[in-house]
Each structure stands twice: as C-alpha cells, then as structure tokens.
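Text of query-v2.cif (mmCIF, C-alpha atoms, pLDDT in the B column; chains and numbers go by the auth columns) as supplied:
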```
data_target
#
loop_
_atom_site.group_PDB
_atom_site.id
_atom_site.type_symbol
_atom_site.label_atom_id
_atom_site.label_comp_id
_atom_site.label_asym_id
_atom_site.label_seq_id
_atom_site.Cartn_x
_atom_site.Cartn_y
_atom_site.Cartn_z
_atom_site.B_iso_or_equiv
_atom_site.auth_seq_id
_atom_site.auth_asym_id
ATOM 1 C CA MET A 1 62.442 108.416 97.581 39.00 181 P
ATOM 2 C CA ARG A 2 65.433 106.645 99.145 44.00 182 P
ATOM 3 C CA GLN A 3 65.516 102.908 98.532 45.00 183 P
ATOM 4 C CA VAL A 4 66.920 100.225 100.774 48.00 184 P
ATOM 5 C CA GLY A 5 68.374 97.002 99.430 48.00 185 P
ATOM 6 C CA ARG A 6 67.560 93.817 101.266 44.00 186 P
ATOM 7 C CA SER A 7 68.391 90.193 100.662 41.00 187 P
ATOM 8 C CA VAL A 8 65.660 87.706 101.476 40.00 188 P
ATOM 9 C CA ARG A 9 66.587 84.029 101.056 39.00 189 P
ATOM 10 C CA GLY A 10 69.144 84.892 98.434 41.00 190 P
ATOM 11 C CA LYS A 11 66.807 87.170 96.472 39.00 191 P
ATOM 12 C CA SER A 12 67.489 90.879 96.395 39.00 192 P
ATOM 13 C CA THR A 13 64.531 93.183 96.857 43.00 193 P
ATOM 14 C CA ILE A 14 64.172 96.944 96.969 47.00 194 P
ATOM 15 C CA LEU A 15 61.960 98.460 99.635 48.00 195 P
ATOM 16 C CA PRO A 16 61.117 102.145 100.064 52.00 196 P
ATOM 17 C CA ALA A 17 62.893 103.442 103.174 51.00 197 P
ATOM 18 C CA ASN A 18 59.811 105.301 104.334 57.00 198 P
ATOM 19 C CA ALA A 19 57.280 102.489 103.823 70.00 199 P
ATOM 20 C CA ALA A 20 54.367 102.912 106.225 84.00 200 P
ATOM 21 C CA GLY A 21 54.944 101.107 109.486 94.00 201 P
ATOM 22 C CA ARG A 22 58.567 100.230 108.675 96.00 202 P
ATOM 23 C CA ARG A 23 61.851 101.452 110.109 97.00 203 P
ATOM 24 C CA VAL A 24 65.275 101.383 108.486 97.00 204 P
ATOM 25 C CA VAL A 25 67.891 99.674 110.652 97.00 205 P
ATOM 26 C CA GLU A 26 71.663 99.396 110.384 97.00 206 P
ATOM 27 C CA ASN A 27 74.024 96.653 111.524 96.00 207 P
ATOM 28 C CA VAL A 28 77.299 97.653 113.183 96.00 208 P
ATOM 29 C CA ASN A 29 78.841 94.385 111.949 96.00 209 P
ATOM 30 C CA VAL A 30 77.995 95.105 108.282 96.00 210 P
ATOM 31 C CA PRO A 31 78.677 98.824 107.664 94.00 211 P
ATOM 32 C CA GLY A 32 76.566 100.353 104.908 93.00 212 P
ATOM 33 C CA TYR A 33 73.953 97.584 104.906 94.00 213 P
ATOM 34 C CA THR A 34 70.423 98.517 105.877 96.00 214 P
ATOM 35 C CA SER A 35 67.180 96.648 106.212 96.00 215 P
ATOM 36 C CA THR A 36 63.640 97.534 107.248 97.00 216 P
ATOM 37 C CA VAL A 37 61.672 96.145 110.176 98.00 217 P
ATOM 38 C CA ASP A 38 58.268 96.654 111.754 97.00 218 P
ATOM 39 C CA ALA A 39 58.381 100.114 113.350 97.00 219 P
ATOM 40 C CA ALA A 40 55.971 99.386 116.227 97.00 220 P
ATOM 41 C CA LYS A 41 57.911 96.335 117.415 97.00 221 P
ATOM 42 C CA TYR A 42 61.206 98.192 117.017 98.00 222 P
ATOM 43 C CA GLU A 43 59.976 101.122 119.132 97.00 223 P
ATOM 44 C CA ALA A 44 58.563 98.803 121.812 98.00 224 P
ATOM 45 C CA MET A 45 61.873 96.958 122.067 98.00 225 P
ATOM 46 C CA LEU A 46 63.864 100.201 122.045 98.00 226 P
ATOM 47 C CA ARG A 47 61.850 101.513 125.014 98.00 227 P
ATOM 48 C CA ALA A 48 62.338 98.240 126.903 98.00 228 P
ATOM 49 C CA LEU A 49 66.062 98.134 126.138 98.00 229 P
ATOM 50 C CA PHE A 50 66.598 101.720 127.273 97.00 230 P
ATOM 51 C CA LYS A 51 64.796 100.944 130.548 97.00 231 P
ATOM 52 C CA VAL A 52 67.283 98.209 131.397 98.00 232 P
ATOM 53 C CA LEU A 53 70.631 99.313 129.909 98.00 233 P
ATOM 54 C CA PRO A 54 72.819 101.382 132.228 97.00 234 P
ATOM 55 C CA ARG A 55 74.555 104.578 131.107 96.00 235 P
ATOM 56 C CA ARG A 56 78.002 103.403 132.170 94.00 236 P
ATOM 57 C CA ALA A 57 80.251 100.369 132.137 94.00 237 P
ATOM 58 C CA PRO A 58 80.256 97.530 132.815 95.00 238 P
ATOM 59 C CA GLY A 59 76.785 97.306 131.227 97.00 239 P
ATOM 60 C CA LEU A 60 74.846 94.110 130.493 98.00 240 P
ATOM 61 C CA THR A 61 75.802 90.924 128.692 98.00 241 P
ATOM 62 C CA GLN A 62 73.666 89.721 125.811 97.00 242 P
ATOM 63 C CA ALA A 63 72.010 87.096 128.029 97.00 243 P
ATOM 64 C CA GLU A 64 71.286 89.731 130.701 98.00 244 P
ATOM 65 C CA MET A 65 69.767 92.050 128.074 97.00 245 P
ATOM 66 C CA PHE A 66 67.550 89.265 126.743 97.00 246 P
ATOM 67 C CA ARG A 67 66.242 88.421 130.238 97.00 247 P
ATOM 68 C CA SER A 68 65.935 92.021 131.447 98.00 248 P
ATOM 69 C CA VAL A 69 63.749 93.343 128.629 98.00 249 P
ATOM 70 C CA LEU A 70 61.039 90.660 128.924 98.00 250 P
ATOM 71 C CA PRO A 71 59.023 92.273 131.763 97.00 251 P
ATOM 72 C CA HIS A 72 58.988 95.598 129.886 97.00 252 P
ATOM 73 C CA LEU A 73 57.570 94.311 126.575 98.00 253 P
ATOM 74 C CA PRO A 74 53.918 94.754 125.553 97.00 254 P
ATOM 75 C CA GLN A 75 52.195 91.371 125.428 97.00 255 P
ATOM 76 C CA GLU A 76 50.207 92.271 122.303 96.00 256 P
ATOM 77 C CA GLN A 77 53.441 92.615 120.317 95.00 257 P
ATOM 78 C CA PHE A 78 55.567 90.022 122.118 97.00 258 P
ATOM 79 C CA PRO A 79 53.200 87.389 123.571 96.00 259 P
ATOM 80 C CA ALA A 80 55.115 85.416 126.212 95.00 260 P
ATOM 81 C CA GLY A 81 58.309 87.051 124.927 95.00 261 P
ATOM 82 C CA ALA A 82 57.926 85.563 121.445 96.00 262 P
ATOM 83 C CA LYS A 83 60.752 86.633 119.108 97.00 263 P
ATOM 84 C CA ALA A 84 62.145 88.962 121.794 97.00 264 P
ATOM 85 C CA GLY A 85 65.696 87.653 121.352 96.00 265 P
ATOM 86 C CA TRP A 86 65.766 88.498 117.644 97.00 266 P
ATOM 87 C CA TRP A 87 64.312 91.946 118.270 98.00 267 P
ATOM 88 C CA VAL A 88 66.623 92.877 121.151 98.00 268 P
ATOM 89 C CA LYS A 89 69.637 91.908 119.023 98.00 269 P
ATOM 90 C CA THR A 90 68.333 93.860 116.008 98.00 270 P
ATOM 91 C CA VAL A 91 67.756 96.998 118.100 98.00 271 P
ATOM 92 C CA GLN A 92 71.097 96.597 119.883 98.00 272 P
ATOM 93 C CA LEU A 93 73.030 96.300 116.580 98.00 273 P
ATOM 94 C CA ASP A 94 71.168 99.277 115.090 98.00 274 P
ATOM 95 C CA GLN A 95 71.666 101.518 118.113 97.00 275 P
ATOM 96 C CA GLU A 96 75.310 100.497 118.308 97.00 276 P
ATOM 97 C CA ALA A 97 75.756 101.407 114.611 97.00 277 P
ATOM 98 C CA LYS A 98 74.181 104.801 115.335 96.00 278 P
ATOM 99 C CA GLY A 99 76.600 105.412 118.236 96.00 279 P
ATOM 100 C CA VAL A 100 73.923 105.325 120.934 97.00 280 P
ATOM 101 C CA LEU A 101 75.165 102.098 122.552 97.00 281 P
ATOM 102 C CA VAL A 102 78.725 101.203 123.479 97.00 282 P
ATOM 103 C CA ARG A 103 80.161 97.681 123.220 97.00 283 P
ATOM 104 C CA GLU A 104 82.746 97.039 125.930 96.00 284 P
ATOM 105 C CA PRO A 105 85.727 94.882 124.871 95.00 285 P
ATOM 106 C CA THR A 106 85.177 92.333 127.642 96.00 286 P
ATOM 107 C CA LYS A 107 84.483 88.614 127.719 96.00 287 P
ATOM 108 C CA PRO A 108 81.612 88.124 127.677 96.00 288 P
ATOM 109 C CA LEU A 109 80.766 91.242 125.675 97.00 289 P
ATOM 110 C CA ARG A 110 78.781 93.916 127.521 98.00 290 P
ATOM 111 C CA TRP A 111 76.779 96.899 126.298 98.00 291 P
ATOM 112 C CA HIS A 112 75.688 100.180 127.868 98.00 292 P
ATOM 113 C CA ARG A 113 74.204 103.436 126.665 97.00 293 P
ATOM 114 C CA ARG A 114 76.584 106.216 125.686 95.00 294 P
ATOM 115 C CA LYS A 115 76.756 108.942 128.288 85.00 295 P
ATOM 116 C CA SER A 116 74.890 112.127 127.332 75.00 296 P
ATOM 117 C CA GLY A 117 76.752 115.322 126.775 58.00 297 P
#
```

Structure rendered as structure tokens:
Amino acid sequence: MRQVGRSVRGKSTILPANAAGRRVVENVNVPGYTSTVDAAKYEAMLRALFKVLPRRAPGLTQAEMFRSVLPHLPQEQFPAGAKAGWWVKTVQLDQEAKGVLVREPTKPLRWHRRKSG
C-alpha cells in the first residue's frame, strides 16, 4: 500500500493513500508533496470549479473563483459556503499540479481549464 507523508502542526504522520473517504492531493507550489483530504468535499468542489472555470484565457482570478463556486456547492457539505475558500484553493492547486488547470502569468493571476485535445 502506498503511503503519504503529511505534516500536522509540526508532527509527521503517515496515512494510507487509499484510506476510505480520502483523496490524495498535490500542490503545484511544493512538487512531490502530497496530502489527503475528504474525498466527498473534494469532488463537490471540483464539480463546482469546473462549472465556473472557462476553457480559455483570460480565465478567472482567485477572488472570482471563490465567489463563482458558491452557488454550485451542496449546502450539506458547505453550509453557507463554510470553508469554501480553503477547498477551492486546495482543488485549484491539485488540478494545476496535475496539468488540468493553467495559471496565466498575469496580475492578478488568472486560471482556466486546459483545452482538450
């Protein structure tokens, strides 16, 4: 079984990568580092993010992403948008690390989905 290292408040822990209800995520800003998150919340945020992110530049700023996903989130997982900002950033960094999202070198930064094909 593959193991994933994770630092929690300065303590290193080892979690199984396929733990029930968990999903391994990457961070484009820290290559090679992985962590696990709640799979149901990740999938809900991924669906919401893909509904709002365009397939071409210029894309959305971080603030626009945060605002745009809120109406698409299930209330049972994100009541009144609770913790949505953390989750949208986590999904964005993971999908960017996987090459699914593109970060445009603009100010402010903007993201869009990579074109298919």

Exercise for the section: Find the distance between atom CA of Lys263 of chain P and atom CA of Val210 of chain P and write it in Å to one decimal. Expected result: 22.1 Å

Practice task
Run the PyMOL selection byres ((chain P and resi 239-250) around 8) against the file shown and list the residues it catches, as a PyMOL selection string.
Solution key: chain P and resi 225+228-229+231-238+251-253+261+264-265+268+284+288-292

Practice task
Given the file shown, determine the residues that the PyMOL selection byres ((chain P and resi 212) around 12) selects; report them as a ChimeraX atom specification.
Solution key: /P:184-186,204-211,213-215,274,277-278

Expected file contents, prior selection, C-alpha atoms, as a CSV table (one decimal), keeping the file's coordinate frame:
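Saved file again_26.csv follows:
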```
chain,number,residue,atom,x,y,z
P,184,VAL,CA,66.9,100.2,100.8
P,185,GLY,CA,68.4,97.0,99.4
P,186,ARG,CA,67.6,93.8,101.3
P,204,VAL,CA,65.3,101.4,108.5
P,205,VAL,CA,67.9,99.7,110.7
P,206,GLU,CA,71.7,99.4,110.4
P,207,ASN,CA,74.0,96.7,111.5
P,208,VAL,CA,77.3,97.7,113.2
P,209,ASN,CA,78.8,94.4,111.9
P,210,VAL,CA,78.0,95.1,108.3
P,211,PRO,CA,78.7,98.8,107.7
P,213,TYR,CA,74.0,97.6,104.9
P,214,THR,CA,70.4,98.5,105.9
P,215,SER,CA,67.2,96.6,106.2
P,274,ASP,CA,71.2,99.3,115.1
P,277,ALA,CA,75.8,101.4,114.6
P,278,LYS,CA,74.2,104.8,115.3
```

Exercise for the section: Mind giving me the straight-line distance from atom CA of Arg294 of chain P to atom CA of Gln275 of chain P in Å, one decimal? Expected result: 10.2 Å

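Interatomic distance, atom CA of Trp267 of chain P to atom CA of Gln255 of chain P: 14.1 Å.
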
Can you tell me, as lines of an AutoDock Vina configuration file, the centre and edge lengths (Å, one decimal) of the axis-aligned box enclosing all of segment 225-240 of chain P's listed atoms after padding each side by 3 Å?
```
center_x = 71.1
center_y = 99.3
center_z = 127.4
size_x = 24.4
size_y = 16.5
size_z = 16.8
```

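Residue nearest Val271 of chain P, chosen from P:Pro254, P:Phe230, P:Pro259, P:Lys287 and counting only C-alpha atoms: P:Phe230.
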
With N, CA and C atoms as the target, complete segment 202-225 of chain P and hand it back as a JSON list (two decimals), keeping the file's coordinate frame.
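Result file follows (part_28.json):
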```
[["chain", "number", "residue", "atom", "x", "y", "z"],
["P", 202, "ARG", "N", 57.25, 100.87, 108.75],
["P", 202, "ARG", "CA", 58.57, 100.23, 108.68],
["P", 202, "ARG", "C", 59.63, 101.19, 109.19],
["P", 203, "ARG", "N", 60.74, 100.64, 109.64],
["P", 203, "ARG", "CA", 61.85, 101.45, 110.11],
["P", 203, "ARG", "C", 63.14, 100.90, 109.51],
["P", 204, "VAL", "N", 63.98, 101.78, 109.04],
["P", 204, "VAL", "CA", 65.28, 101.38, 108.49],
["P", 204, "VAL", "C", 66.24, 101.14, 109.64],
["P", 205, "VAL", "N", 66.91, 99.99, 109.61],
["P", 205, "VAL", "CA", 67.89, 99.67, 110.65],
["P", 205, "VAL", "C", 69.24, 99.39, 110.02],
["P", 206, "GLU", "N", 70.29, 99.65, 110.79],
["P", 206, "GLU", "CA", 71.66, 99.40, 110.38],
["P", 206, "GLU", "C", 72.21, 98.23, 111.20],
["P", 207, "ASN", "N", 73.36, 97.72, 110.79],
["P", 207, "ASN", "CA", 74.02, 96.65, 111.52],
["P", 207, "ASN", "C", 75.48, 97.04, 111.68],
["P", 208, "VAL", "N", 75.93, 97.24, 112.91],
["P", 208, "VAL", "CA", 77.30, 97.65, 113.18],
["P", 208, "VAL", "C", 78.32, 96.66, 112.61],
["P", 209, "ASN", "N", 77.93, 95.41, 112.46],
["P", 209, "ASN", "CA", 78.84, 94.38, 111.95],
["P", 209, "ASN", "C", 78.94, 94.36, 110.43],
["P", 210, "VAL", "N", 78.00, 95.05, 109.75],
["P", 210, "VAL", "CA", 78.00, 95.10, 108.28],
["P", 210, "VAL", "C", 77.78, 96.57, 107.88],
["P", 211, "PRO", "N", 78.82, 97.40, 107.97],
["P", 211, "PRO", "CA", 78.68, 98.82, 107.66],
["P", 211, "PRO", "C", 78.12, 99.06, 106.26],
["P", 212, "GLY", "N", 77.17, 99.99, 106.19],
["P", 212, "GLY", "CA", 76.57, 100.35, 104.91],
["P", 212, "GLY", "C", 75.35, 99.53, 104.54],
["P", 213, "TYR", "N", 75.11, 98.42, 105.20],
["P", 213, "TYR", "CA", 73.95, 97.58, 104.91],
["P", 213, "TYR", "C", 72.78, 98.03, 105.76],
["P", 214, "THR", "N", 71.63, 98.17, 105.14],
["P", 214, "THR", "CA", 70.42, 98.52, 105.88],
["P", 214, "THR", "C", 69.31, 97.54, 105.52],
["P", 215, "SER", "N", 68.35, 97.50, 106.40],
["P", 215, "SER", "CA", 67.18, 96.65, 106.21],
["P", 215, "SER", "C", 66.00, 97.39, 106.83],
["P", 216, "THR", "N", 64.80, 96.92, 106.60],
["P", 216, "THR", "CA", 63.64, 97.53, 107.25],
["P", 216, "THR", "C", 62.94, 96.51, 108.13],
["P", 217, "VAL", "N", 62.39, 96.99, 109.23],
["P", 217, "VAL", "CA", 61.67, 96.14, 110.18],
["P", 217, "VAL", "C", 60.38, 96.84, 110.59],
["P", 218, "ASP", "N", 59.52, 96.11, 111.24],
["P", 218, "ASP", "CA", 58.27, 96.65, 111.75],
["P", 218, "ASP", "C", 58.57, 97.76, 112.77],
["P", 219, "ALA", "N", 58.07, 98.95, 112.51],
["P", 219, "ALA", "CA", 58.38, 100.11, 113.35],
["P", 219, "ALA", "C", 57.81, 99.99, 114.76],
["P", 220, "ALA", "N", 56.59, 99.48, 114.90],
["P", 220, "ALA", "CA", 55.97, 99.39, 116.23],
["P", 220, "ALA", "C", 56.74, 98.43, 117.13],
["P", 221, "LYS", "N", 57.14, 97.29, 116.60],
["P", 221, "LYS", "CA", 57.91, 96.34, 117.42],
["P", 221, "LYS", "C", 59.29, 96.90, 117.75],
["P", 222, "TYR", "N", 59.90, 97.58, 116.78],
["P", 222, "TYR", "CA", 61.21, 98.19, 117.02],
["P", 222, "TYR", "C", 61.12, 99.20, 118.16],
["P", 223, "GLU", "N", 60.13, 100.09, 118.10],
["P", 223, "GLU", "CA", 59.98, 101.12, 119.13],
["P", 223, "GLU", "C", 59.69, 100.51, 120.50],
["P", 224, "ALA", "N", 58.86, 99.47, 120.54],
["P", 224, "ALA", "CA", 58.56, 98.80, 121.81],
["P", 224, "ALA", "C", 59.83, 98.20, 122.41],
["P", 225, "MET", "N", 60.63, 97.55, 121.58],
["P", 225, "MET", "CA", 61.87, 96.96, 122.07],
["P", 225, "MET", "C", 62.88, 98.03, 122.46]]
```
